[in-house]
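What's in run17.cif: mmCIF, C-alpha atoms
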```cif
data_structure
#
loop_
_atom_site.label_atom_id
_atom_site.label_comp_id
_atom_site.auth_asym_id
_atom_site.auth_seq_id
_atom_site.Cartn_x
_atom_site.Cartn_y
_atom_site.Cartn_z
CA MET A 1 -21.72 11.00 12.70
CA THR A 2 -24.75 12.93 11.41
CA SER A 3 -22.74 14.71 8.72
CA THR A 4 -21.18 11.43 7.63
CA LEU A 5 -24.63 9.82 7.34
CA ALA A 6 -25.93 12.80 5.38
CA ARG A 7 -23.04 12.63 2.91
CA SER A 8 -23.58 8.88 2.52
CA ARG A 9 -27.30 9.38 1.76
CA LEU A 10 -26.56 12.14 -0.71
CA ALA A 11 -24.01 9.98 -2.51
CA GLN A 12 -26.53 7.13 -2.61
CA PHE A 13 -29.09 9.50 -4.12
CA PHE A 14 -26.75 10.36 -7.00
CA LEU A 15 -25.87 6.68 -7.43
CA THR A 16 -29.51 5.49 -7.49
CA ASN A 17 -30.77 8.17 -9.82
CA LYS A 18 -27.68 8.09 -12.07
CA CYS A 19 -27.39 11.86 -12.03
CA ARG A 20 -25.06 13.49 -14.47
CA ALA A 21 -22.23 15.74 -13.34
CA THR A 22 -24.35 18.87 -13.08
CA LYS A 23 -23.18 22.13 -11.56
CA THR A 24 -25.05 21.25 -8.37
CA GLU A 25 -23.38 17.87 -8.10
CA ARG A 26 -19.96 19.39 -8.65
CA LEU A 27 -20.63 21.88 -5.85
CA VAL A 28 -21.76 19.08 -3.54
CA SER A 29 -18.67 17.05 -4.43
CA LYS A 30 -16.49 20.06 -3.66
CA ALA A 31 -18.25 20.52 -0.30
CA PHE A 32 -17.75 16.82 0.46
CA ARG A 33 -14.03 17.04 -0.23
CA ARG A 34 -13.79 20.14 1.98
CA ALA A 35 -15.53 18.25 4.81
CA TYR A 36 -13.22 15.27 4.25
CA ALA A 37 -10.20 17.53 4.55
CA THR A 38 -11.30 19.26 7.74
CA GLY A 39 -13.37 16.56 9.41
CA PRO A 40 -12.26 13.55 11.44
CA SER A 41 -10.30 10.90 9.59
CA SER A 42 -9.30 7.33 10.24
CA SER A 43 -6.06 8.32 11.91
CA PRO A 44 -5.45 7.56 15.59
CA SER A 45 -5.44 11.22 16.44
CA GLY A 46 -6.32 14.48 14.79
CA GLY A 47 -7.07 18.05 15.73
CA ASN A 48 -4.16 20.42 15.43
CA GLN A 49 -1.49 17.76 15.72
CA ASP A 50 1.75 18.35 13.86
CA PRO A 51 1.35 16.84 10.33
CA ILE A 52 4.50 14.73 10.58
CA ALA A 53 3.55 13.38 14.01
CA TYR A 54 0.08 12.67 12.60
CA CYS A 55 1.56 10.69 9.68
CA ARG A 56 3.91 8.79 11.97
CA ASP A 57 1.03 7.77 14.26
CA PHE A 58 -1.15 6.91 11.27
CA VAL A 59 1.46 4.53 9.80
CA ARG A 60 2.20 3.03 13.20
CA GLN A 61 -1.47 2.15 13.73
CA HIS A 62 -2.36 0.94 10.23
CA ASP A 63 0.90 -0.53 8.87
CA ARG A 64 3.10 -1.65 11.73
CA ASP A 65 5.65 -3.46 9.53
CA SER A 66 6.21 -0.35 7.44
CA TYR A 67 6.49 1.75 10.59
CA LEU A 68 9.31 -0.46 11.91
CA ILE A 69 11.20 -0.29 8.62
CA SER A 70 10.82 3.49 8.39
CA GLN A 71 13.00 3.83 11.48
CA PHE A 72 15.98 2.90 9.31
CA PHE A 73 15.56 5.91 7.04
CA PRO A 74 18.03 8.73 7.75
CA ARG A 75 16.49 10.86 10.48
CA ASN A 76 16.31 13.97 8.30
CA LEU A 77 14.38 12.03 5.64
CA GLN A 78 11.92 10.31 7.95
CA PRO A 79 9.31 13.12 7.73
CA ALA A 80 9.10 12.65 3.94
CA CYS A 81 9.06 8.87 4.35
CA PHE A 82 6.16 8.93 6.81
CA ALA A 83 4.24 11.48 4.74
CA VAL A 84 4.41 9.27 1.63
CA LYS A 85 3.60 6.09 3.52
CA ALA A 86 0.64 7.71 5.27
CA PHE A 87 -0.62 8.90 1.88
CA TYR A 88 -0.24 5.37 0.49
CA VAL A 89 -2.03 3.73 3.43
CA GLU A 90 -4.84 6.31 3.36
CA LEU A 91 -5.54 5.55 -0.31
CA ALA A 92 -5.38 1.79 0.25
CA MET A 93 -7.96 2.06 3.05
CA ILE A 94 -10.55 4.04 1.11
CA GLN A 95 -12.11 1.05 -0.65
CA ASP A 96 -12.96 -0.69 2.61
CA SER A 97 -14.00 2.45 4.48
CA VAL A 98 -16.71 3.81 2.19
CA SER A 99 -20.31 2.67 1.82
CA ASN A 100 -20.41 3.01 -1.98
CA PRO A 101 -18.03 3.74 -4.86
CA LEU A 102 -19.21 7.33 -5.37
CA ILE A 103 -18.00 8.38 -1.92
CA GLY A 104 -14.71 6.65 -2.69
CA GLN A 105 -14.42 8.53 -5.97
CA MET A 106 -14.99 11.81 -4.15
CA ARG A 107 -12.18 10.99 -1.76
CA MET A 108 -9.93 10.07 -4.66
CA GLN A 109 -10.75 13.40 -6.30
CA PHE A 110 -9.76 15.12 -3.07
CA TRP A 111 -6.31 13.52 -3.31
CA LYS A 112 -5.99 14.31 -7.00
CA ASP A 113 -6.67 17.96 -6.16
CA ALA A 114 -4.26 17.81 -3.23
CA VAL A 115 -1.43 16.62 -5.48
CA GLN A 116 -2.18 19.11 -8.25
CA GLN A 117 -2.69 22.23 -6.13
CA GLY A 118 0.21 24.41 -5.10
CA ARG A 119 -1.33 24.90 -1.68
CA PRO A 120 -2.49 21.76 0.15
CA PRO A 121 -6.00 21.50 1.63
CA GLY A 122 -6.44 21.44 5.38
CA HIS A 123 -5.59 17.78 5.89
CA PRO A 124 -2.47 16.77 7.88
CA ILE A 125 -1.40 14.04 5.45
CA ALA A 126 -1.88 16.38 2.48
CA THR A 127 0.12 19.09 4.27
CA ALA A 128 2.96 16.71 5.14
CA LEU A 129 2.96 15.31 1.60
CA HIS A 130 3.16 18.81 0.13
CA ASP A 131 6.18 19.63 2.30
CA ALA A 132 7.81 16.28 1.47
CA SER A 133 7.29 16.76 -2.27
CA ARG A 134 8.91 20.18 -2.11
CA ILE A 135 11.91 19.15 0.00
CA ALA A 136 12.54 15.61 -1.29
CA HIS A 137 11.65 16.36 -4.94
CA ILE A 138 8.99 13.68 -5.23
CA ALA A 139 7.63 13.41 -8.76
CA PRO A 140 3.88 14.22 -8.88
CA TYR A 141 3.59 11.60 -11.62
CA HIS A 142 4.22 8.80 -9.13
CA LEU A 143 1.65 10.15 -6.67
CA LYS A 144 -0.95 10.51 -9.42
CA ARG A 145 -0.21 7.00 -10.64
CA ILE A 146 -1.02 5.52 -7.25
CA ILE A 147 -4.23 7.55 -7.01
CA GLU A 148 -5.39 6.46 -10.46
CA ALA A 149 -4.70 2.79 -9.69
CA ARG A 150 -6.66 2.96 -6.43
CA ASP A 151 -9.46 4.84 -8.17
CA VAL A 152 -9.82 2.07 -10.76
CA GLU A 153 -9.76 -0.49 -7.96
CA LEU A 154 -12.90 1.02 -6.41
CA ASN A 155 -15.07 -0.43 -9.18
CA SER A 156 -12.89 -3.40 -10.13
CA PRO A 157 -11.49 -5.01 -6.97
CA ALA A 158 -10.82 -8.34 -8.73
CA HIS A 159 -8.27 -9.00 -11.46
CA LEU A 160 -8.85 -11.11 -14.54
CA ASN A 161 -5.43 -12.73 -14.50
CA MET A 162 -2.01 -12.57 -12.90
CA ASP A 163 -0.82 -10.05 -15.49
CA THR A 164 -3.46 -7.48 -14.54
CA LEU A 165 -2.69 -8.05 -10.86
CA LEU A 166 1.01 -7.48 -11.44
CA ALA A 167 0.22 -4.37 -13.49
CA HIS A 168 -1.73 -3.08 -10.50
CA ALA A 169 1.25 -3.87 -8.26
CA GLU A 170 3.52 -1.86 -10.57
CA SER A 171 1.21 1.15 -10.23
CA THR A 172 0.93 0.90 -6.44
CA SER A 173 3.47 -0.95 -4.29
CA SER A 174 6.29 -0.76 -6.84
CA THR A 175 5.61 2.93 -7.43
CA LEU A 176 5.78 3.52 -3.68
CA ASN A 177 9.23 1.90 -3.73
CA TYR A 178 10.28 4.24 -6.55
CA ILE A 179 9.19 7.21 -4.44
CA LEU A 180 11.17 5.94 -1.45
CA LEU A 181 14.24 5.54 -3.64
CA SER A 182 13.68 9.10 -4.84
CA ILE A 183 13.58 10.37 -1.26
CA LEU A 184 16.94 8.70 -0.73
CA GLY A 185 18.28 10.30 -3.92
CA LEU A 186 18.70 6.91 -5.62
CA SER A 187 16.03 6.99 -8.32
CA SER A 188 18.51 7.26 -11.20
CA SER A 189 19.79 3.68 -10.79
CA GLU A 190 18.18 1.17 -13.16
CA THR A 191 19.35 -1.69 -10.97
CA PHE A 192 17.70 -0.28 -7.88
CA SER A 193 14.50 0.54 -9.76
CA HIS A 194 14.34 -2.91 -11.36
CA ALA A 195 14.79 -4.59 -7.98
CA ALA A 196 12.21 -2.26 -6.43
CA SER A 197 9.71 -3.22 -9.12
CA HIS A 198 10.02 -6.94 -8.39
CA LEU A 199 9.90 -6.29 -4.66
CA GLY A 200 6.68 -4.32 -5.14
CA ALA A 201 5.10 -7.22 -7.03
CA SER A 202 6.02 -9.58 -4.21
CA GLN A 203 4.63 -7.15 -1.61
CA MET A 204 1.30 -6.84 -3.43
CA LEU A 205 0.85 -10.60 -3.74
CA ILE A 206 1.57 -11.11 -0.05
CA THR A 207 -0.87 -8.33 0.83
CA LEU A 208 -3.48 -10.15 -1.23
CA LEU A 209 -2.81 -13.43 0.55
CA ARG A 210 -2.88 -11.87 4.01
CA ALA A 211 -6.16 -10.12 3.27
CA LEU A 212 -7.84 -13.13 1.68
CA PRO A 213 -9.63 -14.31 4.86
CA TYR A 214 -11.08 -10.82 5.35
CA HIS A 215 -12.23 -10.52 1.74
CA ALA A 216 -13.64 -14.05 1.79
CA SER A 217 -15.72 -13.17 4.86
CA LYS A 218 -17.17 -10.25 2.88
CA GLY A 219 -17.83 -12.39 -0.19
CA VAL A 220 -15.43 -10.29 -2.27
CA MET A 221 -13.51 -11.97 -5.08
CA VAL A 222 -9.95 -10.64 -5.19
CA ILE A 223 -8.22 -13.68 -6.67
CA PRO A 224 -7.45 -13.48 -10.39
CA ALA A 225 -10.18 -15.27 -12.31
CA SER A 226 -7.60 -17.19 -14.34
CA ILE A 227 -6.43 -18.94 -11.16
CA THR A 228 -9.91 -19.96 -10.03
CA ALA A 229 -10.71 -21.21 -13.52
CA LYS A 230 -7.49 -23.21 -13.65
CA HIS A 231 -8.30 -25.05 -10.43
CA HIS A 232 -12.08 -25.30 -11.04
CA VAL A 233 -12.69 -24.36 -7.41
CA ASN A 234 -14.04 -21.45 -5.41
CA GLN A 235 -11.97 -18.63 -3.95
CA GLU A 236 -11.13 -20.33 -0.65
CA GLU A 237 -10.27 -23.70 -2.16
CA VAL A 238 -7.81 -22.17 -4.63
CA PHE A 239 -5.33 -21.37 -1.91
CA ARG A 240 -6.02 -24.45 0.14
CA ARG A 241 -5.07 -26.60 -2.86
CA GLY A 242 -2.53 -24.62 -4.80
CA PRO A 243 -0.37 -21.72 -3.51
CA GLN A 244 0.24 -20.20 -6.94
CA ALA A 245 0.28 -16.61 -5.69
CA SER A 246 2.85 -17.42 -3.02
CA VAL A 247 5.08 -19.07 -5.63
CA VAL A 248 4.89 -16.00 -7.87
CA ALA A 249 5.60 -13.75 -4.88
CA ASN A 250 8.66 -15.79 -3.98
CA ASP A 251 9.86 -15.74 -7.60
CA HIS A 252 9.71 -11.94 -7.68
CA LEU A 253 11.51 -11.75 -4.34
CA ILE A 254 14.29 -13.97 -5.69
CA THR A 255 14.56 -11.85 -8.84
CA ALA A 256 14.87 -8.69 -6.75
CA ARG A 257 17.63 -10.33 -4.71
CA GLU A 258 19.45 -11.54 -7.83
CA MET A 259 19.88 -7.91 -8.90
CA PHE A 260 22.43 -7.54 -6.11
CA LYS A 261 24.36 -10.77 -6.67
CA GLU A 262 28.07 -10.27 -7.32
CA ASN A 263 30.84 -12.84 -7.20
CA GLY A 264 28.43 -15.41 -5.81
CA ARG A 265 27.34 -13.19 -2.91
CA TYR A 266 24.31 -11.03 -2.27
CA GLN A 267 25.31 -7.61 -1.06
CA VAL A 268 22.76 -4.81 -1.06
CA PRO A 269 24.21 -1.27 -1.07
CA ARG A 270 23.87 0.17 2.41
CA GLU A 271 22.13 3.32 1.24
CA THR A 272 19.27 1.33 -0.33
CA MET A 273 18.46 -0.79 2.72
CA PRO A 274 15.63 1.46 4.01
CA VAL A 275 13.74 0.49 0.84
CA PHE A 276 14.70 -3.15 0.45
CA LEU A 277 14.09 -4.00 4.09
CA ASN A 278 10.47 -4.15 2.93
CA ALA A 279 11.35 -7.61 1.64
CA VAL A 280 11.78 -8.90 5.20
CA PRO A 281 8.05 -8.97 6.12
CA VAL A 282 7.38 -10.65 2.76
CA GLN A 283 9.90 -13.39 3.45
CA ASN A 284 8.67 -13.74 7.03
CA TYR A 285 5.09 -14.34 5.84
CA LEU A 286 6.14 -16.79 3.12
CA LYS A 287 8.00 -18.92 5.65
CA ARG A 288 5.06 -18.88 8.04
CA LEU A 289 2.72 -19.73 5.15
CA GLU A 290 4.86 -22.72 4.20
CA ALA A 291 4.82 -23.89 7.83
CA ALA A 292 1.01 -23.69 7.69
CA ASP A 293 0.98 -25.94 4.60
CA PHE A 294 0.06 -22.92 2.46
CA ASP A 295 -3.33 -22.52 4.09
CA VAL A 296 -3.87 -18.75 4.26
CA PHE A 297 -6.90 -19.37 6.49
CA ASP A 298 -4.75 -20.83 9.26
CA PRO A 299 -5.54 -18.72 12.37
CA LYS A 300 -1.83 -18.48 13.24
CA LEU A 301 -1.22 -16.44 10.08
CA GLN A 302 -3.71 -13.83 11.26
CA LEU A 303 -1.44 -13.04 14.23
CA ARG A 304 1.42 -10.61 13.81
CA ASP A 305 4.91 -12.01 14.25
CA SER A 306 5.75 -9.27 16.73
CA ILE A 307 8.76 -11.04 18.26
CA ARG A 308 10.77 -12.42 15.35
CA LEU A 309 10.02 -9.82 12.68
CA PRO A 310 11.66 -6.80 14.41
CA TRP A 311 14.74 -8.94 15.01
CA GLN A 312 14.78 -10.10 11.39
CA ILE A 313 14.52 -6.51 10.14
CA TRP A 314 17.40 -5.39 12.35
CA ARG A 315 19.57 -8.38 11.40
CA ASN A 316 19.04 -7.85 7.66
CA HIS A 317 19.84 -4.17 8.01
CA LEU A 318 23.01 -5.00 9.89
CA ASN A 319 24.13 -7.48 7.21
CA ASN A 320 22.94 -5.45 4.16
CA THR A 321 20.86 -8.35 2.89
CA PHE A 322 17.23 -9.33 2.42
#
```

As C-alpha cells:
Amino acid sequence: MTSTLARSRLAQFFLTNKCRATKTERLVSKAFRRAYATGPSSSPSGGNQDPIAYCRDFVRQHDRDSYLISQFFPRNLQPACFAVKAFYVELAMIQDSVSNPLIGQMRMQFWKDAVQQGRPPGHPIATALHDASRIAHIAPYHLKRIIEARDVELNSPAHLNMDTLLAHAESTSSTLNYILLSILGLSSSETFSHAASHLGASQMLITLLRALPYHASKGVMVIPASITAKHHVNQEEVFRRGPQASVVANDHLITAREMFKENGRYQVPRETMPVFLNAVPVQNYLKRLEAADFDVFDPKLQLRDSIRLPWQIWRNHLNNTF
C-alpha cells in the first residue's frame, strides 16, 4: 500500500510540474514498471502461481462471459486463449484502476516493452502471453494495436462520433477476435475476419451500454458527442429516449451472421465457433435491453444472466449458430 501511494505521489509530481522526459524520469518510470511486474496485481491470486492458472482465474473473475466461452476452445489451445484474454482484460482495466493518466501510461509502456522484448518481465500474464505468442504464432502487430488503442483511451475516453467509436472497436475487440482466429489457425479467411470485425463492433457497443451506469455515476462522458448533440439531451437521457447504440450493435451482429448465410440457412463452420460464440452474450443483452424498454439504467440489467446465458452458449455451440 505504501509503495503504491509513493508511486502515485511521484506520478502526480511529474504531472503537476509538467516535467520533461529527463534521464531521472525515465529511470523512475523503469523502476515503476519493474514494481508493476513483480508487485501485486488486480488478479484474484498471485505469488508463484502457474501463469496459465493465473490467467484462467483472472479471466474468470473479471470477464465471466468470456471465461465460459473459452471452455469451447480445443483443450490444447486454451492456455493461449486465456493468456490473450487476460492480457486484453488487464489493459481494459487500467483506465479505471489508476489515479491519473501518467500512471496509466507507465503501465501501458510496461506492456509495450513486454510485447517487444524476447524475454518477458516477471509478470504471470506477460509470461503466459510470451509462451502463447511463440506456440500459437500470434502476430505482435495485433497485440501492439490493442495497447496503442488503450493508451490513447487514457486521455480521450469519449468519442466524437460513432465512426471514431467503431474505429476504436476495430483496434480492440475486433483485433482480439482476429487473434483468437489466429490461435485456431483460421486467420487467412477473409470471410471469418470480416465477420469477426463486425462482431467486435457489436461487442464494443454492448460493453459501452453495460458500463454506462458506472460511467454516469463517475460523471464520465463515454457516449459519442454526435449522439448527444442529435438528441439535445444529457448523457443519461440519450439512452432513455433513443437506443441508437443498441440499434448499431444489432446491425453489426446481423452483418456478422449474414457472412455465414448459405442457401437460406445460417451455418457457422464448427471450427470457428469458439470465436463466434462471443455473439451470444451480445444477443442476450440486447434482448434483455429490449425487455427493459431500452433503459440501460434498469437495475435488472446490472444483474448477470447466470442461468440462461450458459445454456444459450451451449445450445448455440451445439447448433453451430449465433

Name the residues captured by the PyMOL selection byres ((chain A and resi 140) around 12) when it is applied to the shown file; answer as a PyMOL selection string.
chain A and resi 84+111-118+129-130+132-134+136-139+141-147+175+179+182

For a test of reading the model, state the distance in Å between atom CA of Ile183 of chain A and atom CA of Met273 of chain A, rounded to one decimal.
12.8 Å

Give me the segment 150-208 of chain A side of the contact with segment 259-271 of chain A, cut-off 9 Å, one line per residue showing its nearest atom pair and distance in Å at one decimal, counting only C-alpha atoms, sorted by chain and residue number, as a Markdown table.
```
| residue | atom | partner | partner_atom | distance |
| --- | --- | --- | --- | --- |
| A:Leu184 | CA | A:Glu271 | CA | 7.7 |
| A:Leu186 | CA | A:Glu271 | CA | 8.5 |
| A:Thr191 | CA | A:Met259 | CA | 6.6 |
| A:Phe192 | CA | A:Met259 | CA | 8.0 |
| A:His194 | CA | A:Met259 | CA | 7.9 |
| A:Ala195 | CA | A:Met259 | CA | 6.1 |
```

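Taking atom CA of Leu68 of chain A as the reference point, atom CA of Ile313 of chain A is found at 8.2 Å.
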
Apply the PyMOL selection byres ((chain A and resi 66) around 12) to the displayed file and report the matching residues as number ranges by chain.
A: 56-65, 67-73, 81-82, 84-86, 88-89, 176-177, 180, 203, 274-282, 309-310, 313

List the residues matched by the PyMOL selection byres ((chain A and resi 149) around 12) in the displayed structure as a PyMOL selection string, ordered by chain and then by residue number.
chain A and resi 88+91-92+95+105+108+112+142-148+150-157+164-175

Near-Tyr285 of chain A list (9 Å; all atoms listed in the file; drop same-chain fewer than 2 positions) as a list of chain:residue names:
A:Ile206, A:Arg210, A:Val280, A:Pro281, A:Val282, A:Gln283, A:Lys287, A:Arg288, A:Leu289, A:Glu290, A:Leu301, A:Asp305

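The gap separating atom CA of Leu212 of chain A from atom CA of Val247 of chain A is 16.0 Å, in Å to one decimal.
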
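The smallest atom-to-atom distance between Asn76 of chain A and any of A:Leu199, A:Asn320, A:Ile135, A:Ile103, using all atoms listed in the file, is found for A:Ile135.
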